[in-house]
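Colleague: I am sharing protein-v9.txt, which consists of compact mmCIF, C-alpha atoms:
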```txt
# COMPACT_ATOMS: atom_id res chain seq x y z
CA MET X 1 -5.95 -26.58 1.73
CA PRO X 2 -6.41 -27.37 -1.97
CA PRO X 3 -3.60 -26.06 -4.21
CA GLN X 4 -5.97 -23.92 -6.30
CA TYR X 5 -6.51 -21.66 -3.28
CA LEU X 6 -2.81 -20.89 -2.82
CA GLU X 7 -2.47 -18.06 -5.30
CA LYS X 8 -5.75 -16.52 -4.13
CA ASP X 9 -4.60 -16.62 -0.49
CA TRP X 10 -1.32 -14.94 -1.47
CA LEU X 11 -3.24 -12.16 -3.20
CA PHE X 12 -5.61 -11.94 -0.24
CA VAL X 13 -2.61 -11.33 2.02
CA ALA X 14 -1.49 -8.48 -0.24
CA SER X 15 -5.03 -7.08 -0.41
CA LEU X 16 -5.41 -7.30 3.37
CA ALA X 17 -2.15 -5.44 3.86
CA SER X 18 -3.18 -2.79 1.32
CA LEU X 19 -6.53 -2.29 3.07
CA SER X 20 -4.69 -1.78 6.34
CA LEU X 21 -2.47 0.81 4.63
CA ALA X 22 -5.44 2.44 2.90
CA ARG X 23 -6.95 3.37 6.25
CA ARG X 24 -3.96 5.66 6.79
CA LEU X 25 -3.92 7.23 3.34
CA SER X 26 -5.69 10.23 1.89
CA VAL X 27 -8.53 9.39 -0.49
CA ASN X 28 -6.50 11.00 -3.28
CA TRP X 29 -3.81 8.33 -2.90
CA LEU X 30 -6.15 5.35 -2.90
CA PRO X 31 -6.44 5.05 -6.71
CA LEU X 32 -2.66 4.88 -7.02
CA LEU X 33 -2.48 2.15 -4.37
CA LEU X 34 -5.29 0.13 -5.95
CA VAL X 35 -3.94 0.40 -9.48
CA PHE X 36 -0.45 -0.58 -8.30
CA ILE X 37 -1.68 -3.59 -6.32
CA GLY X 38 -3.80 -4.57 -9.32
CA ILE X 39 -0.76 -4.46 -11.59
CA MET X 40 1.30 -6.55 -9.19
CA SER X 41 -1.52 -9.11 -8.93
CA SER X 42 -0.60 -10.49 -12.35
CA ILE X 43 1.96 -12.68 -10.56
CA ALA X 44 -1.13 -14.66 -9.47
CA THR X 45 -2.54 -14.63 -13.03
CA ASP X 46 -6.24 -13.65 -12.97
CA ALA X 47 -6.87 -13.94 -9.21
CA GLY X 48 -6.92 -10.13 -8.96
CA TYR X 49 -10.27 -10.05 -10.74
CA LEU X 50 -11.79 -12.30 -8.10
CA ILE X 51 -10.32 -10.74 -4.96
CA LEU X 52 -8.98 -7.22 -5.37
CA ILE X 53 -11.85 -5.64 -7.34
CA PRO X 54 -14.61 -6.54 -4.82
CA LEU X 55 -12.40 -5.49 -1.90
CA ALA X 56 -11.69 -2.14 -3.58
CA GLY X 57 -15.42 -1.55 -3.97
CA LEU X 58 -16.06 -2.40 -0.32
CA LEU X 59 -13.25 -0.08 0.75
CA TYR X 60 -14.74 2.88 -1.11
CA ALA X 61 -18.20 2.05 0.16
CA GLY X 62 -16.86 2.06 3.71
CA LEU X 63 -15.38 5.51 3.06
CA GLY X 64 -18.75 6.80 1.93
CA LYS X 65 -17.71 6.94 -1.73
CA ASN X 66 -19.21 5.32 -4.78
CA PRO X 67 -17.81 1.75 -4.74
CA LEU X 68 -17.56 1.78 -8.54
CA ILE X 69 -14.66 4.26 -8.23
CA GLY X 70 -12.52 1.76 -6.35
CA MET X 71 -13.64 -1.11 -8.53
CA ALA X 72 -12.79 0.83 -11.69
CA ALA X 73 -9.29 1.64 -10.39
CA ALA X 74 -8.67 -1.95 -9.34
CA PHE X 75 -10.01 -3.31 -12.64
CA ALA X 76 -7.71 -0.98 -14.59
CA GLY X 77 -4.75 -2.12 -12.52
CA VAL X 78 -5.48 -5.83 -12.85
CA SER X 79 -6.02 -5.52 -16.60
CA ALA X 80 -2.90 -3.39 -17.10
CA GLY X 81 -0.94 -5.78 -14.94
CA PHE X 82 -0.87 -8.40 -17.63
CA SER X 83 1.64 -6.21 -19.46
CA ALA X 84 3.60 -4.90 -16.46
CA ASN X 85 5.12 -6.03 -13.16
CA LEU X 86 8.12 -5.38 -10.93
CA ILE X 87 8.74 -9.11 -10.54
CA PRO X 88 10.52 -10.69 -13.50
CA ALA X 89 9.41 -13.86 -15.23
CA THR X 90 5.72 -13.82 -14.35
CA PRO X 91 3.63 -16.62 -15.89
CA ILE X 92 2.45 -14.23 -18.60
CA ASP X 93 6.05 -13.27 -19.43
CA VAL X 94 7.01 -16.93 -19.75
CA ILE X 95 4.09 -17.65 -22.08
CA ILE X 96 4.83 -14.65 -24.29
CA GLY X 97 8.59 -15.27 -24.30
CA VAL X 98 8.38 -18.96 -25.10
CA ASN X 99 5.89 -18.34 -27.91
CA ALA X 100 8.15 -15.62 -29.33
CA LYS X 101 11.14 -17.96 -29.24
CA VAL X 102 9.24 -20.80 -30.91
CA PHE X 103 7.98 -18.45 -33.62
CA ALA X 104 11.47 -17.03 -34.23
CA GLU X 105 12.98 -20.51 -34.51
CA ALA X 106 10.18 -21.63 -36.84
CA GLN X 107 10.96 -18.69 -39.13
CA GLY X 108 14.71 -19.24 -38.95
CA VAL X 109 15.24 -15.94 -37.15
CA PRO X 110 17.97 -15.89 -34.46
CA PHE X 111 16.43 -15.32 -31.02
CA VAL X 112 19.00 -12.70 -29.99
CA ASN X 113 19.09 -9.02 -29.04
CA ALA X 114 20.66 -6.18 -31.01
CA ALA X 115 24.10 -7.09 -29.64
CA GLY X 116 23.76 -10.68 -30.85
CA GLU X 117 23.35 -12.11 -27.34
CA ALA X 118 20.87 -14.91 -26.79
CA LEU X 119 17.58 -13.77 -25.23
CA THR X 120 15.99 -15.39 -22.19
CA PRO X 121 12.29 -15.87 -23.02
CA ALA X 122 11.06 -15.11 -19.50
CA THR X 123 12.95 -11.83 -19.10
CA MET X 124 13.52 -10.59 -22.63
CA HIS X 125 11.37 -7.47 -22.07
CA TYR X 126 11.84 -6.95 -18.32
CA TYR X 127 13.01 -3.34 -18.59
CA PHE X 128 9.81 -2.51 -20.46
CA ILE X 129 7.43 -4.12 -17.95
CA PHE X 130 9.40 -2.66 -15.00
CA ILE X 131 9.03 0.92 -16.23
CA SER X 132 5.48 0.24 -17.41
CA THR X 133 4.49 -0.62 -13.83
CA PHE X 134 5.11 2.94 -12.64
CA VAL X 135 3.80 4.57 -15.80
CA LEU X 136 0.54 2.60 -15.82
CA ALA X 137 0.02 3.07 -12.06
CA ALA X 138 0.45 6.84 -12.40
CA VAL X 139 -1.73 7.10 -15.50
CA GLY X 140 -4.45 4.88 -14.01
CA ALA X 141 -4.54 6.91 -10.79
CA TRP X 142 -4.66 10.20 -12.72
CA VAL X 143 -7.52 9.04 -14.96
CA THR X 144 -9.43 7.81 -11.90
CA LEU X 145 -9.03 11.10 -10.03
CA LYS X 146 -9.63 13.42 -12.98
CA PHE X 147 -12.34 11.60 -14.93
CA VAL X 148 -13.78 8.50 -13.28
CA ALA X 149 -14.25 9.75 -9.71
CA PRO X 150 -15.85 13.14 -10.55
CA ARG X 151 -18.37 11.45 -12.83
CA LEU X 152 -19.25 8.54 -10.56
CA GLU X 153 -19.51 10.72 -7.46
CA GLN X 154 -22.60 12.28 -9.05
CA LYS X 155 -24.24 8.92 -9.63
CA PRO X 156 -26.62 7.43 -7.04
CA TYR X 157 -25.62 4.14 -5.47
CA THR X 158 -26.88 1.85 -2.74
CA VAL X 159 -24.80 0.11 -0.09
CA PRO X 160 -25.85 -1.88 2.98
CA THR X 161 -26.83 0.47 5.79
CA ASP X 162 -24.73 -1.45 8.29
CA LEU X 163 -21.49 -1.04 6.32
CA GLN X 164 -19.07 1.09 8.33
CA LEU X 165 -15.45 2.14 7.93
CA SER X 166 -14.68 0.19 11.09
CA ASP X 167 -15.52 -2.96 9.13
CA PHE X 168 -12.11 -2.57 7.49
CA ASP X 169 -10.15 -2.55 10.74
CA VAL X 170 -7.58 -5.34 10.68
CA THR X 171 -8.54 -7.82 13.38
CA PRO X 172 -6.00 -9.41 15.76
CA ALA X 173 -6.40 -12.71 13.89
CA GLU X 174 -5.68 -10.98 10.58
CA LYS X 175 -2.65 -9.22 12.06
CA ARG X 176 -1.40 -12.59 13.28
CA GLY X 177 -1.91 -14.01 9.81
CA LEU X 178 -0.08 -11.09 8.18
CA ARG X 179 2.90 -11.49 10.50
CA ALA X 180 3.07 -15.23 9.85
CA SER X 181 2.79 -14.69 6.11
CA GLY X 182 5.52 -12.04 6.20
CA ILE X 183 7.90 -14.37 7.99
CA ALA X 184 7.01 -17.18 5.58
CA LEU X 185 7.65 -14.90 2.59
CA VAL X 186 11.13 -14.03 3.89
CA LEU X 187 11.93 -17.73 4.33
CA ALA X 188 10.55 -18.52 0.86
CA LEU X 189 12.66 -15.76 -0.71
CA ALA X 190 15.72 -17.11 1.09
CA ALA X 191 15.01 -20.59 -0.29
CA ILE X 192 14.47 -19.16 -3.78
CA THR X 193 17.76 -17.25 -3.57
CA GLY X 194 19.52 -20.44 -2.52
CA LEU X 195 18.08 -22.27 -5.52
CA ALA X 196 19.03 -19.45 -7.89
CA LEU X 197 22.62 -19.45 -6.64
CA GLY X 198 22.87 -23.22 -6.26
CA PRO X 199 21.12 -26.03 -8.14
CA LEU X 200 19.36 -23.65 -10.56
CA ALA X 201 22.27 -21.27 -11.16
CA SER X 202 22.99 -20.04 -14.68
CA PHE X 203 25.72 -21.76 -16.70
CA THR X 204 27.15 -21.89 -20.20
CA ASN X 205 26.53 -25.08 -22.13
CA ALA X 206 28.81 -26.85 -24.59
CA ALA X 207 27.47 -24.71 -27.46
CA GLY X 208 28.52 -21.54 -25.68
CA GLN X 209 24.95 -20.53 -24.87
CA GLN X 210 23.91 -19.27 -21.46
CA VAL X 211 21.31 -21.48 -19.79
CA THR X 212 19.13 -20.05 -17.02
CA PRO X 213 17.38 -22.91 -15.20
CA PHE X 214 16.03 -20.59 -12.50
CA LEU X 215 14.15 -18.37 -14.94
CA ASN X 216 12.91 -21.42 -16.80
CA ASN X 217 11.36 -22.75 -13.57
CA VAL X 218 9.31 -19.70 -12.68
CA CYS X 219 6.41 -21.90 -11.54
CA LEU X 220 8.60 -23.29 -8.76
CA ARG X 221 9.38 -19.77 -7.54
CA ASP X 222 5.73 -18.77 -7.54
CA TYR X 223 4.58 -21.96 -5.88
CA LEU X 224 7.02 -21.54 -3.01
CA CYS X 225 5.77 -18.01 -2.34
CA PHE X 226 2.11 -18.95 -2.65
CA CYS X 227 2.45 -22.12 -0.62
CA CYS X 228 4.38 -20.58 2.28
CA GLY X 229 2.31 -17.41 2.50
CA GLY X 230 -1.02 -19.12 1.94
CA TYR X 231 -0.51 -21.96 4.41
CA CYS X 232 0.82 -19.67 7.15
CA LEU X 233 -2.18 -17.37 6.73
CA TRP X 234 -4.47 -20.37 6.78
CA CYS X 235 -2.89 -21.93 9.84
CA SER X 236 -2.65 -18.66 11.78
CA GLN X 237 -6.16 -17.40 11.16
CA TRP X 238 -8.72 -19.80 9.75
CA GLN X 239 -9.20 -22.90 7.68
CA ILE X 240 -10.64 -23.00 4.16
```
Rewrite the structure from the file as C-alpha cells, please.

Modeller:
Amino acid sequence: MPPQYLEKDWLFVASLASLSLARRLSVNWLPLLLVFIGIMSSIATDAGYLILIPLAGLLYAGLGKNPLIGMAAAFAGVSAGFSANLIPATPIDVIIGVNAKVFAEAQGVPFVNAAGEALTPATMHYYFIFISTFVLAAVGAWVTLKFVAPRLEQKPYTVPTDLQLSDFDVTPAEKRGLRASGIALVLALAAITGLALGPLASFTNAAGQQVTPFLNNVCLRDYLCFCCGGYCLWCSQWQI
C-alpha cells in the first residue's frame, strides 16, 4: 500500500469505530462525538476533510436526518482541530513551535517561559490545546444542537432511496480489521514508549539545555501508528 494512504487508513479506522459507537448513541450525542473525532483528526493533518465529513453526512442520512447537520459538525471539528488535540506534538504544533523559535532567535528574544526555562517547540502550548479540545468539542456540539440542526431540519434534502441505517452495521470483515488495528496500535505505542525511554530519551547537553529527541521526531511517532494500524486494517480486510 502506498505511504500516502497510511494516514487516511488510520483515520478511517477511527471513523469506522466512531460509526459503530454512533449506532448506540442518542442523536443528541452525535454532534459531540463528531466534533471530537474531527478535532482529533488533526494528528493526520487534513485527512479529516476527506474521510470524516462525508461519513458524518452518510450517518445522518441513514438516521433519517439532514446529512448537512452531520457534515457541519464534522467540518467544525476538523477545522477546530488544527488548534487543539489531546495528543502532544502534532505536525501542526511542530510547525508552529519551530517557526516561533526561529522568529524569537532572529529577534534576539530568549525562547523561554516565564520561569526562564527553555521551551520545547512541539509542546510549548500543550496545556492550551489539551483544554481547548474539550472546550471546542462542547461548544461545537452545543452550536450544532441549538442552531444548526433546528434550521437544517426544516430544509428539504434528497438522499438515495436505498440508503438504510443497516448500511452502517459493522461487517465481520470490518470488525476483524478493527481488532487487528487495535492490537497493532498497542504494539506501536509500546515501541514508541521504548524509543522515548531509550534511544530518544531526553538529556541535558553540555550547555545545560534540555534536549528532547523524541518530541523532535514526531513524524516517526505518527508514522509508526499510521503504518501499523493502516497495514493491519489493509491485510485483515481488503487491499487498496

Colleague: Report, in Å with one decimal, the straight-line distance from CA of Ala89 in chain X to CA of Val186 in chain X.

Modeller: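 Answer for the CA of Ala89 in chain X to CA of Val186 in chain X separation: 19.2 Å.
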
Colleague: With a distance cut-off of 6 Å and all atoms listed in the file, select the neighbouring residues of range 47-59 of chain X, excluding the residue or stretch itself and same-chain residues fewer than 2 positions from it, and output the selection as a count of residues only.

Modeller: 11

Colleague: By how many Å are CA of Leu224 in chain X and CA of Leu195 in chain X apart?

Modeller: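 It comes out at 11.4 Å.
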
Colleague: Looking at X:Ala100, X:Glu105, X:Leu233, X:Gly38, which one is nearest to Ala173 in chain X, with distances taken over all atoms listed in the file?

Modeller: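 Looking only at the distances to Ala173 in chain X, the closest residue turns out to be X:Leu233.
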
Colleague: Select, from X:Gly208, X:Gly230, X:Pro156, X:Gly77, the residue with the minimum atom-to-atom distance to Thr133 in chain X, counting all atoms listed in the file.

Modeller: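 Closest to Thr133 in chain X, using all atoms listed in the file: X:Gly77.
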
Colleague: For CA of Phe214 in chain X and CA of Leu200 in chain X, quote the distance in Å rounded to one decimal.

Modeller: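 Separation of CA of Phe214 in chain X and CA of Leu200 in chain X: 4.9 Å.
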
Colleague: Which residue gives the smallest distance to Leu152 in chain X among X:Leu33, X:Leu197, X:Ile69, X:Val102, with only C-alpha atoms counted?

Modeller: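 Closest residue, counting only C-alpha atoms: X:Ile69.
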
Colleague: Excluding same-chain residues fewer than 3 positions from Gly140 in chain X, what lies within 8 Å of it counting only C-alpha atoms, as an NGL selection string?

Modeller: :X and (31-32 or 35 or 73 or 76-77 or 136-137 or 143-144)

Colleague: Choose the residue, out of X:Pro91, X:Lys146, X:Ala207, X:Ala184, that has the smallest atom-to-atom separation from Leu220 in chain X; count only C-alpha atoms.

Modeller: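 Looking only at the distances to Leu220 in chain X, the closest residue turns out to be X:Pro91.
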
Colleague: Excluding Thr212 in chain X and residues on its chain fewer than 6 positions from it, collect all residues at most 7 Å away from it, counting all atoms listed in the file, and give them as a PDB file with C-alpha atoms, in the frame of the given file.

Modeller:
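selection.pdb, freshly written:
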```pdb
ATOM      1  CA  ALA X 201      22.270 -21.270 -11.160  1.00  0.00           C
ATOM      2  CA  SER X 202      22.990 -20.040 -14.680  1.00  0.00           C
ATOM      3  CA  PHE X 203      25.720 -21.760 -16.700  1.00  0.00           C
TER       4      PHE X 203
END
```

Colleague: Measuring between only C-alpha atoms, which one of X:Lys175, X:Val159, X:Gly229, X:Thr204 shows the shortest distance to Leu189 in chain X?

Modeller: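 Among X:Lys175, X:Val159, X:Gly229, X:Thr204, it is X:Gly229 that comes nearest to Leu189 in chain X.
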
Colleague: Which one of X:Gly182, X:Pro110, X:Pro213, X:Gly97 sits closest to Ala196 in chain X if you count all atoms listed in the file?

Modeller: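 Checking each of X:Gly182, X:Pro110, X:Pro213, X:Gly97 against Ala196 in chain X, counting all atoms listed in the file, the winner is X:Pro213.
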
Colleague: From the coordinates supplied, range 67-172 of chain X should be written with C-alpha atoms, as a compact mmCIF listing (two decimals), in the first residue's frame.

Modeller:
```txt
# COMPACT_ATOMS: atom_id res chain seq x y z
CA PRO X 67 -26.89 14.95 6.19
CA LEU X 68 -25.70 18.56 6.28
CA ILE X 69 -26.12 18.50 10.08
CA GLY X 70 -23.52 15.78 10.48
CA MET X 71 -21.27 17.29 7.85
CA ALA X 72 -21.42 20.69 9.55
CA ALA X 73 -20.48 19.18 12.93
CA ALA X 74 -17.63 17.19 11.42
CA PHE X 75 -16.37 20.19 9.44
CA ALA X 76 -16.37 22.33 12.58
CA GLY X 77 -14.42 19.66 14.44
CA VAL X 78 -11.83 19.14 11.72
CA SER X 79 -11.31 22.88 11.32
CA ALA X 80 -11.10 23.48 15.08
CA GLY X 81 -8.75 20.54 15.40
CA PHE X 82 -5.90 22.45 13.88
CA SER X 83 -5.71 24.41 17.13
CA ALA X 84 -6.50 21.60 19.59
CA ASN X 85 -5.71 17.95 20.30
CA LEU X 86 -5.19 15.57 23.21
CA ILE X 87 -2.04 14.17 21.60
CA PRO X 88 1.02 16.37 22.06
CA ALA X 89 3.38 17.38 19.29
CA THR X 90 1.06 17.05 16.31
CA PRO X 91 2.53 18.10 12.95
CA ILE X 92 0.77 21.46 13.25
CA ASP X 93 2.26 22.01 16.73
CA VAL X 94 5.73 21.26 15.42
CA ILE X 95 5.35 23.71 12.53
CA ILE X 96 4.04 26.48 14.78
CA GLY X 97 6.61 25.83 17.51
CA VAL X 98 9.61 25.68 15.20
CA ASN X 99 8.54 28.87 13.42
CA ALA X 100 8.07 30.62 16.78
CA LYS X 101 11.53 29.53 17.90
CA VAL X 102 13.17 30.68 14.67
CA PHE X 103 11.41 34.04 14.88
CA ALA X 104 12.41 34.51 18.53
CA GLU X 105 16.04 33.69 17.78
CA ALA X 106 16.03 36.02 14.77
CA GLN X 107 14.81 38.85 17.00
CA GLY X 108 17.27 38.03 19.77
CA VAL X 109 14.47 37.07 22.15
CA PRO X 110 15.18 34.13 24.51
CA PHE X 111 12.91 31.19 23.69
CA VAL X 112 11.98 30.51 27.32
CA ASN X 113 8.89 30.53 29.53
CA ALA X 114 8.10 32.92 32.37
CA ALA X 115 10.32 30.91 34.72
CA GLY X 116 13.29 31.21 32.36
CA GLU X 117 13.18 27.54 31.32
CA ALA X 118 13.84 26.64 27.71
CA LEU X 119 10.69 25.87 25.71
CA THR X 120 10.21 22.77 23.59
CA PRO X 121 8.77 23.94 20.25
CA ALA X 122 6.49 20.94 19.78
CA THR X 123 4.85 21.12 23.22
CA MET X 124 5.20 24.74 24.28
CA HIS X 125 1.41 25.28 24.31
CA TYR X 126 0.20 21.75 25.11
CA TYR X 127 -1.90 22.77 28.12
CA PHE X 128 -3.78 25.20 25.90
CA ILE X 129 -4.56 22.71 23.12
CA PHE X 130 -5.45 19.98 25.67
CA ILE X 131 -8.10 22.11 27.36
CA SER X 132 -9.21 23.56 24.02
CA THR X 133 -10.10 20.05 22.84
CA PHE X 134 -12.88 19.71 25.41
CA VAL X 135 -13.99 23.34 25.16
CA LEU X 136 -14.24 23.30 21.36
CA ALA X 137 -15.97 19.89 21.33
CA ALA X 138 -18.58 21.10 23.82
CA VAL X 139 -19.12 24.43 22.07
CA GLY X 140 -19.31 22.81 18.63
CA ALA X 141 -21.86 20.25 19.82
CA TRP X 142 -23.95 22.95 21.53
CA VAL X 143 -23.99 25.18 18.44
CA THR X 144 -24.96 22.20 16.28
CA LEU X 145 -27.84 21.19 18.54
CA LYS X 146 -29.15 24.68 19.26
CA PHE X 147 -28.68 26.46 15.94
CA VAL X 148 -27.52 24.28 13.05
CA ALA X 149 -29.77 21.24 13.50
CA PRO X 150 -33.07 23.12 14.09
CA ARG X 151 -32.50 25.23 10.97
CA LEU X 152 -31.35 22.43 8.67
CA GLU X 153 -34.08 20.05 9.81
CA GLN X 154 -36.56 22.38 8.10
CA LYS X 155 -34.68 22.32 4.82
CA PRO X 156 -35.57 19.78 2.11
CA TYR X 157 -32.89 17.31 1.11
CA THR X 158 -32.58 14.29 -1.14
CA VAL X 159 -30.81 11.02 -0.34
CA PRO X 160 -30.71 7.73 -2.23
CA THR X 161 -33.89 5.75 -1.59
CA ASP X 162 -31.94 2.59 -0.88
CA LEU X 163 -29.90 4.15 1.95
CA GLN X 164 -30.80 2.43 5.22
CA LEU X 165 -29.50 2.58 8.78
CA SER X 166 -28.44 -1.03 8.41
CA ASP X 167 -25.89 0.16 5.85
CA PHE X 168 -23.84 1.37 8.82
CA ASP X 169 -23.68 -2.01 10.55
CA VAL X 170 -20.06 -3.00 11.07
CA THR X 171 -19.43 -6.08 8.96
CA PRO X 172 -17.45 -9.10 10.22
```
